[in-house]
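Participant: input02.cif is reproduced in full below (mmCIF, C-alpha atoms, pLDDT in the B column; chains and numbers go by the auth columns).
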```cif
data_start
loop_
_atom_site.group_PDB
_atom_site.id
_atom_site.type_symbol
_atom_site.label_atom_id
_atom_site.label_comp_id
_atom_site.label_asym_id
_atom_site.label_seq_id
_atom_site.Cartn_x
_atom_site.Cartn_y
_atom_site.Cartn_z
_atom_site.B_iso_or_equiv
_atom_site.auth_seq_id
_atom_site.auth_asym_id
ATOM 1 C CA MET A 1 101.056 115.155 99.393 50.00 984 O
ATOM 2 C CA THR A 2 103.521 114.345 102.088 54.00 985 O
ATOM 3 C CA GLU A 3 106.195 111.707 101.857 62.00 986 O
ATOM 4 C CA TYR A 4 103.774 109.109 103.297 57.00 987 O
ATOM 5 C CA GLY A 5 100.864 109.825 100.949 61.00 988 O
ATOM 6 C CA SER A 6 98.601 111.820 103.281 62.00 989 O
ATOM 7 C CA SER A 7 97.622 115.319 102.298 65.00 990 O
ATOM 8 C CA SER A 8 98.520 118.260 104.477 66.00 991 O
ATOM 9 C CA ALA A 9 96.265 121.189 105.367 70.00 992 O
ATOM 10 C CA TRP A 10 96.735 124.300 103.288 71.00 993 O
ATOM 11 C CA ALA A 11 95.171 127.665 102.576 71.00 994 O
ATOM 12 C CA VAL A 12 95.078 129.673 99.367 71.00 995 O
ATOM 13 C CA GLU A 13 94.053 133.273 98.757 73.00 996 O
ATOM 14 C CA ILE A 14 92.840 134.466 95.364 76.00 997 O
ATOM 15 C CA LEU A 15 90.649 137.386 94.343 73.00 998 O
ATOM 16 C CA ASN A 16 88.141 135.503 92.181 80.00 999 O
ATOM 17 C CA GLU A 17 84.904 134.371 93.811 79.00 1000 O
ATOM 18 C CA GLU A 18 83.977 131.866 91.091 82.00 1001 O
ATOM 19 C CA ILE A 19 87.301 130.045 91.409 86.00 1002 O
ATOM 20 C CA CYS A 20 87.032 130.098 95.213 84.00 1003 O
ATOM 21 C CA HIS A 21 83.569 128.510 95.056 83.00 1004 O
ATOM 22 C CA GLY A 22 84.849 125.920 92.575 85.00 1005 O
ATOM 23 C CA TRP A 23 87.642 124.996 94.966 86.00 1006 O
ATOM 24 C CA LEU A 24 85.187 124.908 97.862 85.00 1007 O
ATOM 25 C CA GLN A 25 82.836 122.622 95.975 85.00 1008 O
ATOM 26 C CA GLY A 26 85.687 120.409 94.772 85.00 1009 O
ATOM 27 C CA TYR A 27 87.052 120.049 98.287 85.00 1010 O
ATOM 28 C CA THR A 28 83.698 119.020 99.715 85.00 1011 O
ATOM 29 C CA GLU A 29 82.966 116.669 96.790 83.00 1012 O
ATOM 30 C CA THR A 30 86.152 114.787 97.673 87.00 1013 O
ATOM 31 C CA GLY A 31 85.163 114.461 101.327 86.00 1014 O
ATOM 32 C CA ARG A 32 87.181 117.314 102.804 86.00 1015 O
ATOM 33 C CA ASP A 33 85.860 120.175 104.934 85.00 1016 O
ATOM 34 C CA ALA A 34 86.122 123.661 103.477 86.00 1017 O
ATOM 35 C CA LEU A 35 85.217 127.246 104.321 89.00 1018 O
ATOM 36 C CA LEU A 36 85.035 130.192 101.931 87.00 1019 O
ATOM 37 C CA ALA A 37 85.537 133.494 103.722 85.00 1020 O
ATOM 38 C CA THR A 38 84.349 136.404 101.639 81.00 1021 O
ATOM 39 C CA TYR A 39 83.620 140.092 101.916 75.00 1022 O
ATOM 40 C CA GLU A 40 80.081 141.437 101.568 71.00 1023 O
ATOM 41 C CA ALA A 41 80.780 143.223 98.296 68.00 1024 O
ATOM 42 C CA PHE A 42 81.904 140.003 96.616 72.00 1025 O
ATOM 43 C CA ALA A 43 79.463 137.518 98.162 76.00 1026 O
ATOM 44 C CA ALA A 44 76.796 138.412 95.616 73.00 1027 O
ATOM 45 C CA VAL A 45 79.034 137.115 92.811 77.00 1028 O
ATOM 46 C CA ASN A 46 78.480 133.607 94.207 77.00 1029 O
ATOM 47 C CA THR A 47 74.684 133.825 94.258 79.00 1030 O
ATOM 48 C CA SER A 48 73.992 131.289 91.509 79.00 1031 O
ATOM 49 C CA LEU A 49 76.843 128.926 92.417 81.00 1032 O
ATOM 50 C CA PRO A 50 75.542 127.523 95.740 83.00 1033 O
ATOM 51 C CA VAL A 51 72.017 127.299 94.293 81.00 1034 O
ATOM 52 C CA GLN A 52 73.386 125.122 91.475 81.00 1035 O
ATOM 53 C CA HIS A 53 75.378 123.146 94.021 80.00 1036 O
ATOM 54 C CA LEU A 54 72.181 122.505 96.019 82.00 1037 O
ATOM 55 C CA LYS A 55 70.615 120.902 92.939 82.00 1038 O
ATOM 56 C CA HIS A 56 73.611 118.589 92.605 79.00 1039 O
ATOM 57 C CA ARG A 57 73.561 117.737 96.322 79.00 1040 O
ATOM 58 C CA ARG A 58 69.816 117.042 96.223 80.00 1041 O
ATOM 59 C CA LEU A 59 70.287 114.547 93.380 82.00 1042 O
ATOM 60 C CA ARG A 60 73.156 112.812 95.206 79.00 1043 O
ATOM 61 C CA TYR A 61 71.154 112.670 98.427 78.00 1044 O
ATOM 62 C CA ARG A 62 68.077 111.185 96.739 80.00 1045 O
ATOM 63 C CA ALA A 63 70.266 108.557 95.075 83.00 1046 O
ATOM 64 C CA GLY A 64 71.527 107.514 98.523 81.00 1047 O
ATOM 65 C CA HIS A 65 74.948 109.133 98.177 77.00 1048 O
ATOM 66 C CA GLY A 66 74.671 111.679 100.991 71.00 1049 O
ATOM 67 C CA GLY A 67 77.237 112.351 103.649 78.00 1050 O
ATOM 68 C CA LEU A 68 79.466 114.922 101.947 83.00 1051 O
ATOM 69 C CA PRO A 69 80.927 117.765 104.003 86.00 1052 O
ATOM 70 C CA SER A 70 78.868 120.933 103.933 87.00 1053 O
ATOM 71 C CA VAL A 71 79.628 123.908 101.704 88.00 1054 O
ATOM 72 C CA ASN A 72 80.420 126.709 104.166 91.00 1055 O
ATOM 73 C CA TYR A 73 80.490 130.467 103.590 90.00 1056 O
ATOM 74 C CA LEU A 74 81.696 133.048 106.110 89.00 1057 O
ATOM 75 C CA ILE A 75 80.501 136.499 105.057 86.00 1058 O
ATOM 76 C CA THR A 76 81.757 139.508 106.941 80.00 1059 O
ATOM 77 C CA SER A 77 82.332 143.216 106.553 66.00 1060 O
ATOM 78 C CA LEU A 78 83.415 146.223 108.512 55.00 1061 O
ATOM 79 C CA GLY A 79 80.071 147.763 107.596 52.00 1062 O
ATOM 80 C CA TRP A 80 77.707 145.092 108.877 49.00 1063 O
ATOM 81 C CA ARG A 81 76.199 145.471 112.291 52.00 1064 O
ATOM 82 C CA ASN A 82 73.310 143.069 111.697 49.00 1065 O
ATOM 83 C CA THR A 83 71.548 141.378 108.789 50.00 1066 O
ATOM 84 C CA TYR A 84 68.747 143.935 108.605 50.00 1067 O
ATOM 85 C CA THR A 85 70.989 146.852 107.753 49.00 1068 O
ATOM 86 C CA HIS A 86 73.835 145.281 105.782 50.00 1069 O
ATOM 87 C CA GLN A 87 74.405 146.511 102.282 54.00 1070 O
ATOM 88 C CA ASN A 88 74.039 143.455 100.008 60.00 1071 O
ATOM 89 C CA PRO A 89 72.040 140.484 101.304 61.00 1072 O
ATOM 90 C CA SER A 90 71.587 138.875 97.875 72.00 1073 O
ATOM 91 C CA LEU A 91 73.550 135.647 98.540 79.00 1074 O
ATOM 92 C CA ALA A 92 71.709 134.847 101.775 80.00 1075 O
ATOM 93 C CA SER A 93 68.385 136.047 100.356 81.00 1076 O
ATOM 94 C CA SER A 94 68.669 133.924 97.227 82.00 1077 O
ATOM 95 C CA LEU A 95 69.550 130.840 99.269 84.00 1078 O
ATOM 96 C CA LEU A 96 66.608 131.419 101.612 86.00 1079 O
ATOM 97 C CA ASP A 97 64.295 131.903 98.604 86.00 1080 O
ATOM 98 C CA VAL A 98 65.128 128.367 97.460 84.00 1081 O
ATOM 99 C CA GLU A 99 63.314 127.086 100.593 87.00 1082 O
ATOM 100 C CA ASP A 100 65.601 124.063 100.818 84.00 1083 O
ATOM 101 C CA SER A 101 66.091 122.233 104.114 85.00 1084 O
ATOM 102 C CA PHE A 102 69.789 121.832 103.244 86.00 1085 O
ATOM 103 C CA VAL A 103 70.286 125.631 103.489 90.00 1086 O
ATOM 104 C CA HIS A 104 71.194 127.162 106.843 90.00 1087 O
ATOM 105 C CA VAL A 105 71.846 130.899 107.254 89.00 1088 O
ATOM 106 C CA TYR A 106 73.266 131.911 110.628 88.00 1089 O
ATOM 107 C CA THR A 107 73.356 135.423 112.085 84.00 1090 O
ATOM 108 C CA PRO A 108 74.898 134.979 115.541 85.00 1091 O
ATOM 109 C CA ALA A 109 74.567 137.787 118.036 83.00 1092 O
ATOM 110 C CA ASP A 110 78.173 137.826 119.242 85.00 1093 O
ATOM 111 C CA ALA A 111 81.649 136.428 118.600 84.00 1094 O
ATOM 112 C CA THR A 112 81.230 133.494 120.980 85.00 1095 O
ATOM 113 C CA ARG A 113 78.074 132.394 119.182 87.00 1096 O
ATOM 114 C CA ALA A 114 79.779 132.876 115.804 88.00 1097 O
ATOM 115 C CA ALA A 115 82.591 130.530 116.892 88.00 1098 O
ATOM 116 C CA ALA A 116 80.065 127.926 118.097 88.00 1099 O
ATOM 117 C CA VAL A 117 78.126 128.158 114.837 89.00 1100 O
ATOM 118 C CA LEU A 118 81.323 127.821 112.813 92.00 1101 O
ATOM 119 C CA SER A 119 82.133 124.624 114.686 90.00 1102 O
ATOM 120 C CA VAL A 120 78.670 123.229 113.879 89.00 1103 O
ATOM 121 C CA MET A 121 79.056 124.229 110.220 92.00 1104 O
ATOM 122 C CA LEU A 122 82.441 122.534 109.804 91.00 1105 O
ATOM 123 C CA THR A 123 81.284 119.261 111.316 90.00 1106 O
ATOM 124 C CA GLY A 124 77.963 119.111 109.457 88.00 1107 O
ATOM 125 C CA ARG A 125 77.150 117.175 106.316 87.00 1108 O
ATOM 126 C CA ASP A 126 75.089 117.808 103.177 84.00 1109 O
ATOM 127 C CA ARG A 127 74.286 121.464 103.835 86.00 1110 O
ATOM 128 C CA VAL A 128 74.996 124.848 102.373 89.00 1111 O
ATOM 129 C CA ASN A 129 75.810 127.033 105.388 92.00 1112 O
ATOM 130 C CA VAL A 130 76.181 130.810 105.452 90.00 1113 O
ATOM 131 C CA LEU A 131 77.527 132.527 108.566 91.00 1114 O
ATOM 132 C CA ILE A 132 77.013 136.308 108.537 86.00 1115 O
ATOM 133 C CA THR A 133 78.950 138.292 111.106 84.00 1116 O
ATOM 134 C CA ASP A 134 80.678 141.630 111.491 76.00 1117 O
ATOM 135 C CA LYS A 135 84.239 142.522 112.423 74.00 1118 O
ATOM 136 C CA HIS A 136 83.365 145.036 115.121 73.00 1119 O
ATOM 137 C CA PRO A 137 83.966 144.222 118.777 75.00 1120 O
ATOM 138 C CA GLY A 138 80.633 144.005 120.474 77.00 1121 O
ATOM 139 C CA SER A 139 78.671 142.965 123.489 80.00 1122 O
ATOM 140 C CA ALA A 140 78.627 139.412 124.757 82.00 1123 O
ATOM 141 C CA PHE A 141 75.193 137.982 125.389 82.00 1124 O
ATOM 142 C CA PRO A 142 73.987 135.406 127.956 80.00 1125 O
ATOM 143 C CA PRO A 143 75.597 131.981 127.427 77.00 1126 O
ATOM 144 C CA ASP A 144 72.708 129.993 128.944 80.00 1127 O
ATOM 145 C CA PRO A 145 70.556 129.698 125.770 82.00 1128 O
ATOM 146 C CA PHE A 146 73.483 128.458 123.596 79.00 1129 O
ATOM 147 C CA ARG A 147 72.304 124.861 123.215 78.00 1130 O
ATOM 148 C CA GLU A 148 68.726 125.920 122.517 83.00 1131 O
ATOM 149 C CA GLU A 149 69.905 128.402 119.895 81.00 1132 O
ATOM 150 C CA LEU A 150 72.069 125.845 118.121 78.00 1133 O
ATOM 151 C CA THR A 151 69.423 123.116 118.082 80.00 1134 O
ATOM 152 C CA ASP A 152 66.242 125.162 117.588 83.00 1135 O
ATOM 153 C CA GLY A 153 67.630 128.201 115.762 76.00 1136 O
ATOM 154 C CA ALA A 154 66.243 130.593 118.381 77.00 1137 O
ATOM 155 C CA ALA A 155 66.020 131.038 122.128 77.00 1138 O
ATOM 156 C CA VAL A 156 64.478 133.338 124.687 80.00 1139 O
ATOM 157 C CA TRP A 157 67.091 135.346 126.534 77.00 1140 O
ATOM 158 C CA PRO A 158 66.539 136.336 130.162 74.00 1141 O
#
```
Give the structure from the file, written as structure tokens.

Facilitator:
Amino acid sequence: MTEYGSSSAWAVEILNEEICHGWLQGYTETGRDALLATYEAFAAVNTSLPVQHLKHRRLRYRAGHGGLPSVNYLITSLGWRNTYTHQNPSLASSLLDVEDSFVHVYTPADATRAAAVLSVMLTGRDRVNVLITDKHPGSAFPPDPFREELTDGAAVWP
């Protein structure tokens, strides 16, 4: 807390995925935006945590208490080139298996799209978002279908 009672932005790094998810959930439950950046090898540790969180969110939403900031995961690795070939898809796969409309898994084609998706994730409400991207420099793709991709989840590229 600052001298005037408003909280300041801060970041913490710890090597324990369960604690990181707990902080993430606590932040969003108190109305603040949060992002958990994790490495592919550790993302699987969180598999049951967002699924449990979805159950809690669903109950809140049905009771008319929606509107909480989304739970946001950024999963990246030096090894990932796309979601088909990455080594451990269990977090994203388990969330998709839930078949919940609150779950959104994003696999943007380039860094510009990843930044746009991240912006959408951080301003959204009542979702569990997973952004999967790699750390390799890569090609940039046509910017024209951006809006269509963000609203419909897919677009036809020229």

Participant: Would you mind telling me which residue in O:Asp1109, O:Glu1000, O:Asp1093, O:Asp1016 lies nearest to Gly1121 in chain O when using all atoms listed in the file?

Facilitator: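 The shortest atom-to-atom distance to Gly1121 in chain O comes from O:Asp1093.
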
Participant: For each of O:Gln1035, O:Asn1112, O:Ser1076, O:Thr1030, take the minimum atom-to-atom distance to Leu1018 in chain O, counting all atoms listed in the file, then give the residue where this is smallest.

Facilitator: O:Asn1112

Participant: Mind checking which residues fall within 10 Å of Leu1037 in chain O, counting only C-alpha atoms, ignoring those fewer than 2 positions away in the same chain, and posting them as an NGL selection string?

Facilitator: :O and (1032-1035 or 1039-1043 or 1054 or 1078 or 1081 or 1083 or 1085-1086 or 1109-1111)

Participant: If you measure from CA of Pro1120 in chain O to CA of Glu1132 in chain O, what distance in Å do you get, rounded to one decimal?

Facilitator: 21.2 Å

Participant: Closest to Arg1108 in chain O among O:Thr1011, O:Thr1090, O:Ser1053, O:Asn999, using all atoms listed in the file?

Facilitator: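 Closest residue, counting all atoms listed in the file: O:Ser1053.
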
Participant: Would you kindly translate the PyMOL selection byres ((chain O and resi 1026) around 10) into the concrete residues it picks from this file, as a list in words?

Facilitator: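 Checking the PyMOL selection byres ((chain O and resi 1026) around 10) against this file, the residues are Glu1000, Leu1019, Ala1020, Thr1021, Tyr1022, Glu1023, Ala1024, Phe1025, Ala1027, Val1028, Asn1029, Thr1030, Tyr1056, Leu1057, Ile1058, Thr1059, Asn1071, Pro1072, Ser1073, Leu1074 and Ala1075 of chain O.
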
Participant: Go ahead and save the picked residues with C-alpha atoms, as a compact mmCIF listing (two decimals), keeping the file's coordinate frame.

Facilitator:
```
# COMPACT_ATOMS: atom_id res chain seq x y z
CA GLU O 1000 84.90 134.37 93.81
CA LEU O 1019 85.04 130.19 101.93
CA ALA O 1020 85.54 133.49 103.72
CA THR O 1021 84.35 136.40 101.64
CA TYR O 1022 83.62 140.09 101.92
CA GLU O 1023 80.08 141.44 101.57
CA ALA O 1024 80.78 143.22 98.30
CA PHE O 1025 81.90 140.00 96.62
CA ALA O 1027 76.80 138.41 95.62
CA VAL O 1028 79.03 137.12 92.81
CA ASN O 1029 78.48 133.61 94.21
CA THR O 1030 74.68 133.82 94.26
CA TYR O 1056 80.49 130.47 103.59
CA LEU O 1057 81.70 133.05 106.11
CA ILE O 1058 80.50 136.50 105.06
CA THR O 1059 81.76 139.51 106.94
CA ASN O 1071 74.04 143.46 100.01
CA PRO O 1072 72.04 140.48 101.30
CA SER O 1073 71.59 138.88 97.88
CA LEU O 1074 73.55 135.65 98.54
CA ALA O 1075 71.71 134.85 101.78
```
